[in-house]
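S.K.: Take a look at the following structure, please.
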Amino acid sequence: DGANVTWDITSTPILISATGIFGTSIGTPYMSEYPTADRCVTTNIPGFGSKYSYWRTSPDGLDVVAEDIGSGLEIEYGEPLKLLQFPGNYQESFSDGYWLIGSALETATWTYVGYGTLVTTGGTFTDVVKMYGSHNDRTIFWNTSPIHPILELDADNDGTMWVPVTDIG
């Protein structure tokens with residue numbers, strides 16, 4: 001954690017188990033079911049097919065509307081889960097209420113714990129923001145322009161890394 005940090009994870013072994021596209025929700029199979037979503041993460045897992053996570057961007061943040069749609073293990077939010085709040089300031093936290101359909105209201109708390117450069121085997125990313133979610137013990141490294149996740153780690157430091165093959169625009 002900290003300001004102007006360089007995180008170098010080039011020695012971390014990486015197993016490629018899926019490919020993904022982080023882009024617009026337009027033209028995706030379930031876009032009509034999530035009309036407030038404008039972004040979609042399409043994950044293609046060999047042998048299992050595709051699953052879709054729908055996100056909504058707004059002037060005040062980035063929210064998850066639904067996750068893993070088409071997988072058989074769908075997660076739908078009655079009140080979306082906020083992942084980022086705009087503007088975000090180093091060392092600030094924000095809390096936001098969300099609920100999964102069929103569940104009770106929960107609170108997500110994210111803290112802006114660092115910023116700097118993330119060096120991976122897939123490339124070097126500057127202007128990266130590190131966010132920590134105390135509600136679910138997760139860390140997400142975000143590319144800031146354009147906004148997209150680069151690395152997500154859970155409590156066991158298992159995670160997902162998104163490295164764009166080309167400029168995602």
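Chain labels follow the order of the structure tokens: the first chain is A, the next B, and so on; residue numbering restarts at 1 in every chain, and ligands are counted from 1 in their shown order.
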Please provide as a PyMOL selection string all residues within 10 Å of segment 137-148 of chain A, with the sequence filter that same-chain residues fewer than 4 positions apart are discarded (counting only C-alpha atoms).
M.R.: chain A and resi 22-23+41+57+62+83-84+109-118+125-133+152-164+167-169
S.K.: Find the nearest atom pair between each residue of segment 119-141 of chain A and segment 7-19 of chain A for residues within 9 Å, count only C-alpha atoms, give distances in Å to one decimal, sort rows by chain and ascending number, and present the table as CSV.
M.R.:
```
residue,atom,partner,partner_atom,distance
A:Val119,CA,A:Asp8,CA,4.6
A:Thr120,CA,A:Thr10,CA,4.8
A:Thr121,CA,A:Thr10,CA,5.1
A:Gly122,CA,A:Thr10,CA,8.6
A:Thr124,CA,A:Asp8,CA,8.9
```
S.K.: Find, counting only C-alpha atoms, the residue in A:Ser134, A:Gln85, A:Thr6, A:Thr43 that gets nearest to Thr107 of chain A.
M.R.: A:Ser134
S.K.: Determine the nearest neighbour of Thr36 of chain A from the options A:Gly2, A:Glu74, A:Gly20, A:Pro80, counting only C-alpha atoms.
M.R.: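 So, comparing all the options, the nearest one is A:Pro80.
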S.K.: Grab the atom CA of Tyr52 of chain A to atom CA of Ile69 of chain A distance for me, in Å with one decimal place.
M.R.: 4.9 Å
S.K.: Looking at A:Phe86, A:Phe48, A:Trp55, A:Phe94, which one is nearest to Gly70 of chain A, with distances taken over only C-alpha atoms?
M.R.: A:Phe48
S.K.: Choose the residue, out of A:Lys82, A:His135, A:Lys51, A:Arg39, that has the smallest atom-to-atom separation from Asp68 of chain A; count only C-alpha atoms.
M.R.: A:Lys51
S.K.: Please, what distance in Å, to one decimal, runs between atom CA of Ala3 of chain A and atom CA of Glu92 of chain A?
M.R.: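 Between atom CA of Ala3 of chain A and atom CA of Glu92 of chain A the gap is 12.9 Å.
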S.K.: Which is closer to Thr42 of chain A than all the others in A:Asn136, A:Asn4, A:Ser58, A:Ser25, using only C-alpha atoms?
M.R.: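 Under the stated criterion, the closest residue is A:Ser25.
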S.K.: Provide the atom CA of Ala37 of chain A to atom CA of Tyr54 of chain A distance in Å, to one decimal place.
M.R.: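 Atom-to-atom, atom CA of Ala37 of chain A and atom CA of Tyr54 of chain A are spaced 5.7 Å apart.
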S.K.: Residues of chain A classed as strand (DSSP E or B) by DSSP on the backbone are to be reported as a VMD selection string.
M.R.: chain A and resid 2 to 8 19 to 24 39 to 45 49 to 58 61 to 69 75 to 85 93 to 100 106 to 120 123 to 133 138 to 144 147 to 153 159 to 161
